[in-house]
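Here is the file structure14.pdb (PDB, C-alpha atoms).
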ATOM      1  CA  MET A   1      19.504  -7.777 -16.663
ATOM      2  CA  LYS A   2      23.287  -8.148 -16.557
ATOM      3  CA  PRO A   3      24.817 -10.430 -13.893
ATOM      4  CA  VAL A   4      26.003  -8.603 -10.799
ATOM      5  CA  LYS A   5      29.250  -9.621  -9.177
ATOM      6  CA  SER A   6      29.199 -10.068  -5.428
ATOM      7  CA  SER A   7      31.974 -10.679  -2.931
ATOM      8  CA  VAL A   8      29.700 -11.712  -0.043
ATOM      9  CA  ARG A   9      29.387 -15.254   1.254
ATOM     10  CA  PRO A  10      27.064 -17.626  -0.720
ATOM     11  CA  GLY A  11      24.507 -17.870   2.081
ATOM     12  CA  ILE A  12      24.219 -14.098   2.393
ATOM     13  CA  ALA A  13      24.098 -13.665  -1.379
ATOM     14  CA  ALA A  14      21.294 -16.205  -1.659
ATOM     15  CA  ALA A  15      19.339 -14.466   1.070
ATOM     16  CA  ARG A  16      19.736 -11.125  -0.667
ATOM     17  CA  TYR A  17      18.630 -12.698  -3.933
ATOM     18  CA  LEU A  18      15.446 -14.092  -2.390
ATOM     19  CA  CYS A  19      14.735 -10.810  -0.640
ATOM     20  CA  CYS A  20      15.114  -8.781  -3.858
ATOM     21  CA  LEU A  21      12.961 -11.255  -5.766
ATOM     22  CA  ALA A  22      10.212 -11.062  -3.147
ATOM     23  CA  ILE A  23      10.315  -7.262  -3.238
ATOM     24  CA  ALA A  24      10.027  -7.348  -7.031
ATOM     25  CA  VAL A  25       6.918  -9.526  -6.809
ATOM     26  CA  ILE A  26       5.284  -7.327  -4.168
ATOM     27  CA  CYS A  27       5.991  -4.116  -6.082
ATOM     28  CA  CYS A  28       4.568  -5.589  -9.269
ATOM     29  CA  ASN A  29       1.465  -6.596  -7.357
ATOM     30  CA  VAL A  30       0.949  -3.061  -6.122
ATOM     31  CA  VAL A  31       1.296  -1.622  -9.611
ATOM     32  CA  ALA A  32      -1.016  -4.225 -11.021
ATOM     33  CA  ILE A  33      -3.655  -3.543  -8.373
ATOM     34  CA  GLN A  34      -3.538   0.197  -9.147
ATOM     35  CA  HIS A  35      -3.809  -0.188 -12.945
ATOM     36  CA  ALA A  36      -5.804  -3.457 -12.827
ATOM     37  CA  LEU A  37      -5.460  -4.306 -16.507
ATOM     38  CA  ALA A  38      -1.879  -4.748 -17.710
ATOM     39  CA  GLN A  39       1.603  -5.574 -16.439
ATOM     40  CA  GLY A  40       4.512  -6.417 -18.669
ATOM     41  CA  ASN A  41       2.973  -8.012 -21.779
ATOM     42  CA  LEU A  42      -0.050  -9.561 -20.046
ATOM     43  CA  LEU A  43      -3.516  -8.055 -20.425
ATOM     44  CA  VAL A  44      -6.389  -9.250 -18.218
ATOM     45  CA  THR A  45     -10.063  -8.369 -18.685
ATOM     46  CA  PRO A  46     -12.255  -7.686 -16.850
ATOM     47  CA  ALA A  47     -10.238  -5.774 -14.261
ATOM     48  CA  ARG A  48     -12.391  -6.979 -11.358
ATOM     49  CA  VAL A  49     -15.093  -9.571 -10.750
ATOM     50  CA  ILE A  50     -18.140  -9.248  -8.501
ATOM     51  CA  PHE A  51     -20.481 -12.151  -7.780
ATOM     52  CA  GLU A  52     -23.831 -10.933  -6.492
ATOM     53  CA  GLY A  53     -27.465 -11.790  -7.025
ATOM     54  CA  SER A  54     -27.837 -14.877  -9.214
ATOM     55  CA  LYS A  55     -24.417 -14.602 -10.868
ATOM     56  CA  ARG A  56     -22.430 -17.831 -10.518
ATOM     57  CA  ALA A  57     -19.782 -17.766 -13.281
ATOM     58  CA  GLU A  58     -17.414 -15.369 -15.042
ATOM     59  CA  GLU A  59     -14.934 -15.661 -17.910
ATOM     60  CA  LEU A  60     -11.608 -13.834 -17.818
ATOM     61  CA  ASN A  61      -9.612 -13.126 -20.955
ATOM     62  CA  LEU A  62      -5.808 -13.285 -20.802
ATOM     63  CA  ALA A  63      -3.816 -11.941 -23.744
ATOM     64  CA  ASN A  64      -0.088 -11.853 -24.450
ATOM     65  CA  SER A  65       0.769  -8.625 -26.251
ATOM     66  CA  GLY A  66       4.488  -9.373 -26.344
ATOM     67  CA  LYS A  67       6.749 -10.876 -28.986
ATOM     68  CA  ASP A  68       7.760 -13.972 -26.995
ATOM     69  CA  THR A  69       5.883 -16.997 -25.711
ATOM     70  CA  ALA A  70       5.162 -16.711 -21.988
ATOM     71  CA  ARG A  71       3.836 -19.008 -19.253
ATOM     72  CA  TYR A  72       1.626 -17.771 -16.413
ATOM     73  CA  LEU A  73       0.665 -19.495 -13.178
ATOM     74  CA  ILE A  74      -2.712 -18.602 -11.649
ATOM     75  CA  SER A  75      -3.548 -18.692  -7.952
ATOM     76  CA  PHE A  76      -5.441 -16.857  -5.240
ATOM     77  CA  VAL A  77      -3.701 -14.478  -2.839
ATOM     78  CA  GLU A  78      -5.127 -12.666   0.170
ATOM     79  CA  ILE A  79      -4.374  -8.959   0.447
ATOM     80  CA  ARG A  80      -4.747  -6.318   3.139
ATOM     81  CA  MET A  81      -5.162  -2.681   2.120
ATOM     82  CA  ASN A  82      -3.383  -0.186   4.349
ATOM     83  CA  LYS A  83      -4.657   3.288   5.134
ATOM     84  CA  ASN A  84      -2.080   4.877   2.819
ATOM     85  CA  GLY A  85      -3.232   2.740  -0.125
ATOM     86  CA  THR A  86      -0.374   0.223  -0.069
ATOM     87  CA  PHE A  87      -1.006  -3.521   0.104
ATOM     88  CA  ASP A  88       0.298  -6.431   2.166
ATOM     89  CA  GLN A  89      -0.133 -10.119   1.444
ATOM     90  CA  VAL A  90      -1.674 -11.892   4.455
ATOM     91  CA  ASN A  91      -2.590 -15.441   5.470
ATOM     92  CA  GLU A  92      -5.271 -14.635   8.045
ATOM     93  CA  PRO A  93      -8.112 -12.127   7.602
ATOM     94  CA  ASP A  94      -8.140  -8.930   9.617
ATOM     95  CA  SER A  95     -11.089  -8.198  11.874
ATOM     96  CA  GLY A  96     -14.080  -7.657   9.602
ATOM     97  CA  GLN A  97     -12.323  -9.067   6.536
ATOM     98  CA  GLN A  98     -13.634 -12.245   4.846
ATOM     99  CA  PHE A  99     -11.814 -14.234   2.156
ATOM    100  CA  ALA A 100     -13.626 -15.356  -1.001
ATOM    101  CA  SER A 101     -11.138 -17.945  -2.275
ATOM    102  CA  GLY A 102     -12.718 -20.871  -0.381
ATOM    103  CA  TYR A 103     -15.922 -20.440  -2.364
ATOM    104  CA  LEU A 104     -14.389 -20.056  -5.826
ATOM    105  CA  ARG A 105     -12.759 -22.347  -8.354
ATOM    106  CA  PHE A 106     -11.120 -21.629 -11.676
ATOM    107  CA  PHE A 107      -9.704 -23.477 -14.687
ATOM    108  CA  PRO A 108      -7.032 -23.747 -16.028
ATOM    109  CA  ARG A 109      -4.437 -23.006 -13.345
ATOM    110  CA  SER A 110      -1.637 -22.212 -15.798
ATOM    111  CA  VAL A 111      -1.498 -21.038 -19.398
ATOM    112  CA  VAL A 112       1.129 -20.753 -22.103
ATOM    113  CA  LEU A 113       0.509 -17.899 -24.516
ATOM    114  CA  GLY A 114       2.336 -17.262 -27.752
ATOM    115  CA  PRO A 115       2.720 -13.747 -29.147
ATOM    116  CA  ASN A 116      -0.711 -12.107 -29.573
ATOM    117  CA  GLU A 117      -2.463 -15.227 -28.281
ATOM    118  CA  ALA A 118      -5.363 -15.190 -25.817
ATOM    119  CA  GLN A 119      -6.850 -17.674 -23.347
ATOM    120  CA  VAL A 120     -10.139 -17.780 -21.458
ATOM    121  CA  ILE A 121     -10.073 -18.544 -17.730
ATOM    122  CA  LYS A 122     -13.349 -19.816 -16.287
ATOM    123  CA  LEU A 123     -14.199 -18.700 -12.756
ATOM    124  CA  GLN A 124     -17.091 -20.263 -10.815
ATOM    125  CA  LEU A 125     -18.779 -19.544  -7.498
ATOM    126  CA  THR A 126     -19.400 -22.627  -5.339
ATOM    127  CA  GLY A 127     -21.036 -23.174  -1.961
ATOM    128  CA  ALA A 128     -22.723 -19.775  -1.965
ATOM    129  CA  SER A 129     -25.590 -21.138   0.145
ATOM    130  CA  GLN A 130     -23.156 -21.564   3.062
ATOM    131  CA  LEU A 131     -22.205 -17.880   3.161
ATOM    132  CA  ALA A 132     -23.510 -15.461   5.748
ATOM    133  CA  PRO A 133     -24.585 -12.008   4.483
ATOM    134  CA  GLY A 134     -21.727  -9.654   3.735
ATOM    135  CA  GLU A 135     -18.794  -9.119   1.381
ATOM    136  CA  TYR A 136     -15.994 -11.629   0.727
ATOM    137  CA  ARG A 137     -12.810 -10.736  -1.181
ATOM    138  CA  SER A 138      -9.723 -12.482  -2.546
ATOM    139  CA  HIS A 139      -7.379 -11.592  -5.406
ATOM    140  CA  LEU A 140      -6.629 -13.738  -8.430
ATOM    141  CA  TYR A 141      -2.885 -13.629  -9.144
ATOM    142  CA  PHE A 142      -1.457 -14.160 -12.632
ATOM    143  CA  ARG A 143       2.302 -14.674 -12.249
ATOM    144  CA  ALA A 144       4.747 -14.786 -15.137
ATOM    145  CA  VAL A 145       7.159 -17.725 -14.963
ATOM    146  CA  PRO A 146      10.723 -16.562 -15.732
ATOM    147  CA  ASP A 147      12.362 -17.943 -18.852
ATOM    148  CA  GLU A 148      14.704 -20.787 -17.897
ATOM    149  CA  ARG A 149      17.666 -20.809 -20.253
ATOM    150  CA  PRO A 150      19.553 -24.073 -21.012
ATOM    151  CA  ILE A 151      22.571 -24.867 -18.872
ATOM    152  CA  GLY A 152      25.644 -23.354 -20.463
ATOM    153  CA  GLY A 153      23.841 -20.384 -21.985
ATOM    154  CA  ASP A 154      24.981 -16.899 -20.973
ATOM    155  CA  THR A 155      27.655 -18.406 -18.703
ATOM    156  CA  VAL A 156      29.426 -15.889 -16.499
ATOM    157  CA  ARG A 157      32.756 -16.664 -14.936
ATOM    158  CA  ALA A 158      33.117 -16.124 -11.230
ATOM    159  CA  ASP A 159      36.441 -15.115  -9.715
ATOM    160  CA  SER A 160      37.866 -16.836  -6.664
ATOM    161  CA  SER A 161      36.882 -14.012  -4.299
ATOM    162  CA  GLY A 162      33.121 -14.278  -4.633
ATOM    163  CA  ILE A 163      30.086 -15.516  -6.530
ATOM    164  CA  ASN A 164      27.816 -14.127  -9.222
ATOM    165  CA  VAL A 165      24.109 -13.478  -8.639
ATOM    166  CA  LYS A 166      21.525 -12.902 -11.367
ATOM    167  CA  LEU A 167      18.260 -11.233 -10.366
ATOM    168  CA  THR A 168      15.191 -12.098 -12.428
ATOM    169  CA  PRO A 169      12.175  -9.819 -11.929
ATOM    170  CA  VAL A 170       8.846 -11.640 -11.614
ATOM    171  CA  PHE A 171       5.879  -9.810 -13.123
ATOM    172  CA  GLY A 172       2.274 -10.377 -12.228
ATOM    173  CA  ILE A 173      -1.218  -9.001 -12.140
ATOM    174  CA  THR A 174      -3.749  -9.313  -9.342
ATOM    175  CA  ILE A 175      -7.440  -8.572  -9.797
ATOM    176  CA  PRO A 176     -10.022  -8.491  -6.988
ATOM    177  CA  VAL A 177     -12.728 -11.146  -6.931
ATOM    178  CA  ILE A 178     -15.612 -10.157  -4.656
ATOM    179  CA  ILE A 179     -18.647 -12.107  -3.451
ATOM    180  CA  ARG A 180     -21.593 -10.154  -2.066
ATOM    181  CA  VAL A 181     -24.306 -12.009  -0.194
ATOM    182  CA  GLY A 182     -27.559 -10.533   1.039
ATOM    183  CA  GLU A 183     -28.009  -6.799   1.436
ATOM    184  CA  THR A 184     -24.760  -4.853   1.037
ATOM    185  CA  THR A 185     -24.394  -1.079   1.100
ATOM    186  CA  ALA A 186     -21.549   1.392   0.873
ATOM    187  CA  SER A 187     -21.103   5.133   0.797
ATOM    188  CA  VAL A 188     -18.033   7.367   0.737
ATOM    189  CA  GLN A 189     -17.162  10.941   1.653
ATOM    190  CA  LEU A 190     -14.066  12.974   0.767
ATOM    191  CA  SER A 191     -12.442  15.053   3.494
ATOM    192  CA  GLU A 192      -9.176  16.671   4.687
ATOM    193  CA  LEU A 193      -8.424  18.123   1.245
ATOM    194  CA  SER A 194      -5.137  20.019   1.139
ATOM    195  CA  VAL A 195      -2.594  21.115  -1.463
ATOM    196  CA  ASP A 196       1.082  20.451  -0.827
ATOM    197  CA  GLN A 197       3.192  22.975  -2.741
ATOM    198  CA  ALA A 198       6.597  22.132  -1.266
ATOM    199  CA  THR A 199       7.300  18.411  -1.825
ATOM    200  CA  GLY A 200       8.290  18.567  -5.501
ATOM    201  CA  PRO A 201       8.293  20.535  -8.751
ATOM    202  CA  GLU A 202       4.527  20.055  -9.060
ATOM    203  CA  PRO A 203       1.968  20.553  -6.285
ATOM    204  CA  GLY A 204       0.069  17.594  -4.895
ATOM    205  CA  LEU A 205      -3.465  17.140  -3.597
ATOM    206  CA  ASN A 206      -4.144  15.108  -0.453
ATOM    207  CA  VAL A 207      -7.577  13.514  -0.017
ATOM    208  CA  LEU A 208      -8.982  11.275   2.706
ATOM    209  CA  PHE A 209     -11.619   8.727   1.627
ATOM    210  CA  ASN A 210     -14.152   7.820   4.337
ATOM    211  CA  ARG A 211     -16.078   4.617   3.592
ATOM    212  CA  THR A 212     -19.114   3.383   5.497
ATOM    213  CA  GLY A 213     -21.267   0.286   5.063
ATOM    214  CA  ASN A 214     -20.480  -3.405   4.581
ATOM    215  CA  ALA A 215     -19.205  -3.259   0.969
ATOM    216  CA  SER A 216     -16.110  -1.938  -0.803
ATOM    217  CA  VAL A 217     -16.178   1.114  -3.075
ATOM    218  CA  TYR A 218     -14.403   1.392  -6.417
ATOM    219  CA  GLY A 219     -14.222   4.220  -8.920
ATOM    220  CA  ASP A 220     -12.312   7.022 -10.651
ATOM    221  CA  LEU A 221     -11.139  10.268  -9.083
ATOM    222  CA  THR A 222     -11.012  13.479 -11.137
ATOM    223  CA  VAL A 223      -9.799  16.898 -10.041
ATOM    224  CA  ASP A 224     -10.818  20.126 -11.797
ATOM    225  CA  TYR A 225      -9.281  23.521 -11.208
ATOM    226  CA  ILE A 226     -11.922  26.267 -11.138
ATOM    227  CA  SER A 227     -10.464  29.695 -11.875
ATOM    228  CA  PRO A 228     -11.773  32.844 -10.137
ATOM    229  CA  GLN A 229     -13.650  33.509 -13.406
ATOM    230  CA  GLY A 230     -15.346  30.098 -13.221
ATOM    231  CA  LYS A 231     -13.388  28.285 -15.957
ATOM    232  CA  ALA A 232     -12.918  24.552 -15.235
ATOM    233  CA  THR A 233      -9.731  22.688 -16.255
ATOM    234  CA  GLN A 234      -8.968  19.070 -15.369
ATOM    235  CA  VAL A 235      -5.634  18.888 -13.557
ATOM    236  CA  ALA A 236      -5.547  15.321 -12.178
ATOM    237  CA  GLU A 237      -7.147  11.917 -12.658
ATOM    238  CA  ALA A 238      -6.752   8.501 -11.037
ATOM    239  CA  ARG A 239      -8.634   5.460 -12.289
ATOM    240  CA  GLY A 240      -9.543   2.351 -10.356
ATOM    241  CA  LEU A 241      -9.268   3.680  -6.803
ATOM    242  CA  ALA A 242     -10.782   1.321  -4.247
ATOM    243  CA  VAL A 243     -11.421   1.331  -0.526
ATOM    244  CA  TYR A 244     -11.797  -2.334   0.419
ATOM    245  CA  THR A 245     -13.537  -3.714   3.461
ATOM    246  CA  PRO A 246     -12.852  -3.699   6.343
ATOM    247  CA  ASN A 247     -11.015  -0.376   5.816
ATOM    248  CA  SER A 248     -13.032   2.713   6.625
ATOM    249  CA  GLN A 249     -10.397   5.209   5.426
ATOM    250  CA  ARG A 250      -7.766   5.606   2.742
ATOM    251  CA  TYR A 251      -5.380   8.468   2.045
ATOM    252  CA  VAL A 252      -4.728   9.411  -1.594
ATOM    253  CA  HIS A 253      -2.072  11.786  -2.933
ATOM    254  CA  LEU A 254      -2.380  13.072  -6.519
ATOM    255  CA  ILE A 255       0.091  15.181  -8.500
ATOM    256  CA  LEU A 256      -1.603  18.260  -9.946
ATOM    257  CA  GLN A 257      -0.718  19.209 -13.496
ATOM    258  CA  THR A 258       0.601  22.725 -13.913
ATOM    259  CA  LYS A 259      -0.901  24.334 -17.003
ATOM    260  CA  PRO A 260      -0.790  27.853 -18.451
ATOM    261  CA  GLY A 261      -3.177  30.183 -16.666
ATOM    262  CA  ILE A 262      -3.527  27.999 -13.569
ATOM    263  CA  ASN A 263      -2.508  29.341 -10.168
ATOM    264  CA  PHE A 264      -2.974  26.870  -7.324
ATOM    265  CA  ARG A 265      -3.074  29.737  -4.814
ATOM    266  CA  THR A 266      -6.299  31.214  -6.165
ATOM    267  CA  GLY A 267      -9.604  29.751  -7.313
ATOM    268  CA  LYS A 268     -10.675  26.331  -6.089
ATOM    269  CA  LEU A 269     -10.381  22.591  -6.738
ATOM    270  CA  ARG A 270     -13.413  20.418  -7.381
ATOM    271  CA  VAL A 271     -12.885  16.705  -6.640
ATOM    272  CA  ALA A 272     -15.308  14.038  -7.861
ATOM    273  CA  TYR A 273     -15.294  10.294  -7.189
ATOM    274  CA  THR A 274     -17.412   8.347  -9.695
ATOM    275  CA  THR A 275     -18.111   4.747 -10.653
ATOM    276  CA  LYS A 276     -19.364   3.274 -13.908
ATOM    277  CA  THR A 277     -22.433   1.059 -14.016
ATOM    278  CA  LYS A 278     -23.699  -0.902 -17.003
ATOM    279  CA  THR A 279     -25.749   2.047 -18.212
ATOM    280  CA  SER A 280     -24.270   5.220 -16.725
ATOM    281  CA  THR A 281     -21.696   6.920 -14.534
ATOM    282  CA  GLU A 282     -22.698   7.431 -10.894
ATOM    283  CA  GLU A 283     -21.140  10.038  -8.631
ATOM    284  CA  LEU A 284     -20.179   8.550  -5.277
ATOM    285  CA  ALA A 285     -18.718  11.657  -3.632
ATOM    286  CA  ARG A 286     -17.779  15.264  -4.328
ATOM    287  CA  ALA A 287     -15.783  17.895  -2.431
ATOM    288  CA  GLU A 288     -14.275  21.329  -3.054
ATOM    289  CA  LEU A 289     -11.181  23.070  -1.734
ATOM    290  CA  GLN A 290     -10.833  26.860  -1.751
ATOM    291  CA  LEU A 291      -7.247  27.727  -2.688
ATOM    292  CA  ARG A 292      -5.251  30.368  -0.841
TER     293      ARG A 292
END
Translate this file's structure into structure tokens.
Amino acid sequence: MKPVKSSVRPGIAAARYLCCLAIAVICCNVVAIQHALAQGNLLVTPARVIFEGSKRAEELNLANSGKDTARYLISFVEIRMNKNGTFDQVNEPDSGQQFASGYLRFFPRSVVLGPNEAQVIKLQLTGASQLAPGEYRSHLYFRAVPDERPIGGDTVRADSSGINVKLTPVFGITIPVIIRVGETTASVQLSELSVDQATGPEPGLNVLFNRTGNASVYGDLTVDYISPQGKATQVAEARGLAVYTPNSQRYVHLILQTKPGINFRTGKLRVAYTTKTKTSTEELARAELQLR
């Protein structure tokens, strides 16, 4: 990114720099949570970790798909999900929310990866016997450390009327790490389906997720257009949609693809929310919307 000249006072410029940097980190976190696998040149698998039953350890694979060597710092962060699907970083749990980070440890806490190199991160559950029944959640954060160039490199002259500020975006991935103790259940229903035809060049579908139980739900959402003649055509898909505890609701807005022969004022939409198990795909919820 090219340096940006500023005529504001140094203190104000520094504050704006820190604010922009913080916003960059938060936005990258949101994107990472939605896609759950890749951000920048970092790939993380698996996309989420659940400790339940007798499971006590997990291995994560980090891979650098870029052309440059990169360093990543690893830490836990605590995240609140809002009703509209956005996320906030928090220090204290909301009512009904329980953090998992105090019962987990991982190694190493930072890695340096060359181009096309990979590294295994070991994650272990500790002190599980102290946990009361329920679900505990924290997010493991993999943060890219910006490249620090030697002093004198890419020097930019500042005029006498102001200073120069260089913004460096910070990329990162967060993945949920969940501990489930005792009996945990969850179910979800889809409601308040509506099509918005006026907000942009393509129509959008609004869906309200309603979660019940003491566990989070996670899965993929697919939308099929059913013509008056009964022909089904997929017009939208969103992978890795979650409703985390303690939230009972989440709004989702999906852009519907306009394709030849599809009229979103006739026929109907069929919406399915599914999750993949080790052996099959399970449908968590289904709903239909008659188009008019």
Close residues, range 277-286 of chain A itself excluded, 10 Å, all atoms listed in the file, min 4 positions apart in chain, as a list in words: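 Once the adjacent positions are removed, what remains is Ala186, Ser187, Val188, Gln189, Leu190, Ser191, Phe209, Asn210, Val217, Tyr218, Gly219, Asp220, Leu221, Thr222, Val223, Arg270, Val271, Ala272 and Tyr273 of chain A.
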File of the preceding selection, C-alpha atoms, as a JSON list (two decimals), in the frame of the given file:
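Ended up saving to selection36.json:
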[["chain", "number", "residue", "atom", "x", "y", "z"],
["A", 186, "ALA", "CA", -21.55, 1.39, 0.87],
["A", 187, "SER", "CA", -21.10, 5.13, 0.80],
["A", 188, "VAL", "CA", -18.03, 7.37, 0.74],
["A", 189, "GLN", "CA", -17.16, 10.94, 1.65],
["A", 190, "LEU", "CA", -14.07, 12.97, 0.77],
["A", 191, "SER", "CA", -12.44, 15.05, 3.49],
["A", 209, "PHE", "CA", -11.62, 8.73, 1.63],
["A", 210, "ASN", "CA", -14.15, 7.82, 4.34],
["A", 217, "VAL", "CA", -16.18, 1.11, -3.08],
["A", 218, "TYR", "CA", -14.40, 1.39, -6.42],
["A", 219, "GLY", "CA", -14.22, 4.22, -8.92],
["A", 220, "ASP", "CA", -12.31, 7.02, -10.65],
["A", 221, "LEU", "CA", -11.14, 10.27, -9.08],
["A", 222, "THR", "CA", -11.01, 13.48, -11.14],
["A", 223, "VAL", "CA", -9.80, 16.90, -10.04],
["A", 270, "ARG", "CA", -13.41, 20.42, -7.38],
["A", 271, "VAL", "CA", -12.88, 16.70, -6.64],
["A", 272, "ALA", "CA", -15.31, 14.04, -7.86],
["A", 273, "TYR", "CA", -15.29, 10.29, -7.19]]
Once the PyMOL selection byres ((chain A and resi 128) around 9) has been applied to the shown file, what residues remain in the selection, as a CSV table (one decimal) with C-alpha atoms, in the coordinates of the input?
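So the final result, stored in selection.csv, reads:
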chain,number,residue,atom,x,y,z
A,56,ARG,CA,-22.4,-17.8,-10.5
A,103,TYR,CA,-15.9,-20.4,-2.4
A,125,LEU,CA,-18.8,-19.5,-7.5
A,126,THR,CA,-19.4,-22.6,-5.3
A,127,GLY,CA,-21.0,-23.2,-2.0
A,129,SER,CA,-25.6,-21.1,0.1
A,130,GLN,CA,-23.2,-21.6,3.1
A,131,LEU,CA,-22.2,-17.9,3.2
A,132,ALA,CA,-23.5,-15.5,5.7
A,179,ILE,CA,-18.6,-12.1,-3.5
A,181,VAL,CA,-24.3,-12.0,-0.2
Å distance separating CA of Thr86 in chain A from CA of Pro201 in chain A, one decimal place: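 We find that CA of Thr86 in chain A and CA of Pro201 in chain A lie 23.7 Å from each other.
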Separation of CA of Leu62 in chain A from CA of Thr245 in chain A, in Å and rounded to one decimal: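 Distance between the two atoms: 27.2 Å.
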Minimum-distance residue to Tyr244 in chain A, chosen among A:Val77, A:Val145, A:Leu104, A:Ile178 (using only C-alpha atoms):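 With only C-alpha atoms as the atom set, the closest residue is A:Ile178.
Shortest separation to Asp196 in chain A among A:Val90, A:Ala242, A:Arg292, A:Glu52 occurs at residue A:Arg292, atoms counted being only C-alpha atoms.
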Å distance separating CA of Phe107 in chain A from CA of Ala63 in chain A, one decimal place: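 Between CA of Phe107 in chain A and CA of Ala63 in chain A the gap works out to 15.8 Å.
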Picked residues, the PyMOL selection byres ((chain A and resi 257) around 8), as JSON, numbers by chain: {"A": [202, 203, 235, 236, 255, 256, 258, 259]}
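Closest approach to Arg250 in chain A among A:Gly267, A:Pro93, A:Gly85, A:Pro108 is made by A:Gly85 (distances from only C-alpha atoms).
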Hits from the PyMOL selection byres ((chain A and resi 76) around 12), listed as number ranges by chain: A: 73-75, 77-79, 89-91, 99-106, 109, 123, 137-143, 173-177
Output file for the selection above: C-alpha atoms, as a short mmCIF file (atom, residue, chain, number, x, y, z; two decimals), in the coordinates of the input:
data_model
loop_
_atom_site.label_atom_id
_atom_site.label_comp_id
_atom_site.auth_asym_id
_atom_site.auth_seq_id
_atom_site.Cartn_x
_atom_site.Cartn_y
_atom_site.Cartn_z
CA LEU A 73 0.66 -19.50 -13.18
CA ILE A 74 -2.71 -18.60 -11.65
CA SER A 75 -3.55 -18.69 -7.95
CA VAL A 77 -3.70 -14.48 -2.84
CA GLU A 78 -5.13 -12.67 0.17
CA ILE A 79 -4.37 -8.96 0.45
CA GLN A 89 -0.13 -10.12 1.44
CA VAL A 90 -1.67 -11.89 4.46
CA ASN A 91 -2.59 -15.44 5.47
CA PHE A 99 -11.81 -14.23 2.16
CA ALA A 100 -13.63 -15.36 -1.00
CA SER A 101 -11.14 -17.94 -2.28
CA GLY A 102 -12.72 -20.87 -0.38
CA TYR A 103 -15.92 -20.44 -2.36
CA LEU A 104 -14.39 -20.06 -5.83
CA ARG A 105 -12.76 -22.35 -8.35
CA PHE A 106 -11.12 -21.63 -11.68
CA ARG A 109 -4.44 -23.01 -13.34
CA LEU A 123 -14.20 -18.70 -12.76
CA ARG A 137 -12.81 -10.74 -1.18
CA SER A 138 -9.72 -12.48 -2.55
CA HIS A 139 -7.38 -11.59 -5.41
CA LEU A 140 -6.63 -13.74 -8.43
CA TYR A 141 -2.88 -13.63 -9.14
CA PHE A 142 -1.46 -14.16 -12.63
CA ARG A 143 2.30 -14.67 -12.25
CA ILE A 173 -1.22 -9.00 -12.14
CA THR A 174 -3.75 -9.31 -9.34
CA ILE A 175 -7.44 -8.57 -9.80
CA PRO A 176 -10.02 -8.49 -6.99
CA VAL A 177 -12.73 -11.15 -6.93
#
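Here the question is which of A:Glu92, A:Ala57, A:Leu205, A:Ala215 gets nearest to Gly134 in chain A using all atoms listed in the file, and that residue is A:Ala215.
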Polymer residues at most 9 Å from Lys268 in chain A, only C-alpha atoms, same-chain spacing of 2 or more positions, as a ChimeraX atom specification: /A:224-228,264-266,270,288-292
With C-alpha atoms retained, export the selected residues as a JSON list (two decimals), in the coordinates of the input.
[["chain", "number", "residue", "atom", "x", "y", "z"],
["A", 224, "ASP", "CA", -10.82, 20.13, -11.80],
["A", 225, "TYR", "CA", -9.28, 23.52, -11.21],
["A", 226, "ILE", "CA", -11.92, 26.27, -11.14],
["A", 227, "SER", "CA", -10.46, 29.70, -11.88],
["A", 228, "PRO", "CA", -11.77, 32.84, -10.14],
["A", 264, "PHE", "CA", -2.97, 26.87, -7.32],
["A", 265, "ARG", "CA", -3.07, 29.74, -4.81],
["A", 266, "THR", "CA", -6.30, 31.21, -6.16],
["A", 270, "ARG", "CA", -13.41, 20.42, -7.38],
["A", 288, "GLU", "CA", -14.28, 21.33, -3.05],
["A", 289, "LEU", "CA", -11.18, 23.07, -1.73],
["A", 290, "GLN", "CA", -10.83, 26.86, -1.75],
["A", 291, "LEU", "CA", -7.25, 27.73, -2.69],
["A", 292, "ARG", "CA", -5.25, 30.37, -0.84]]
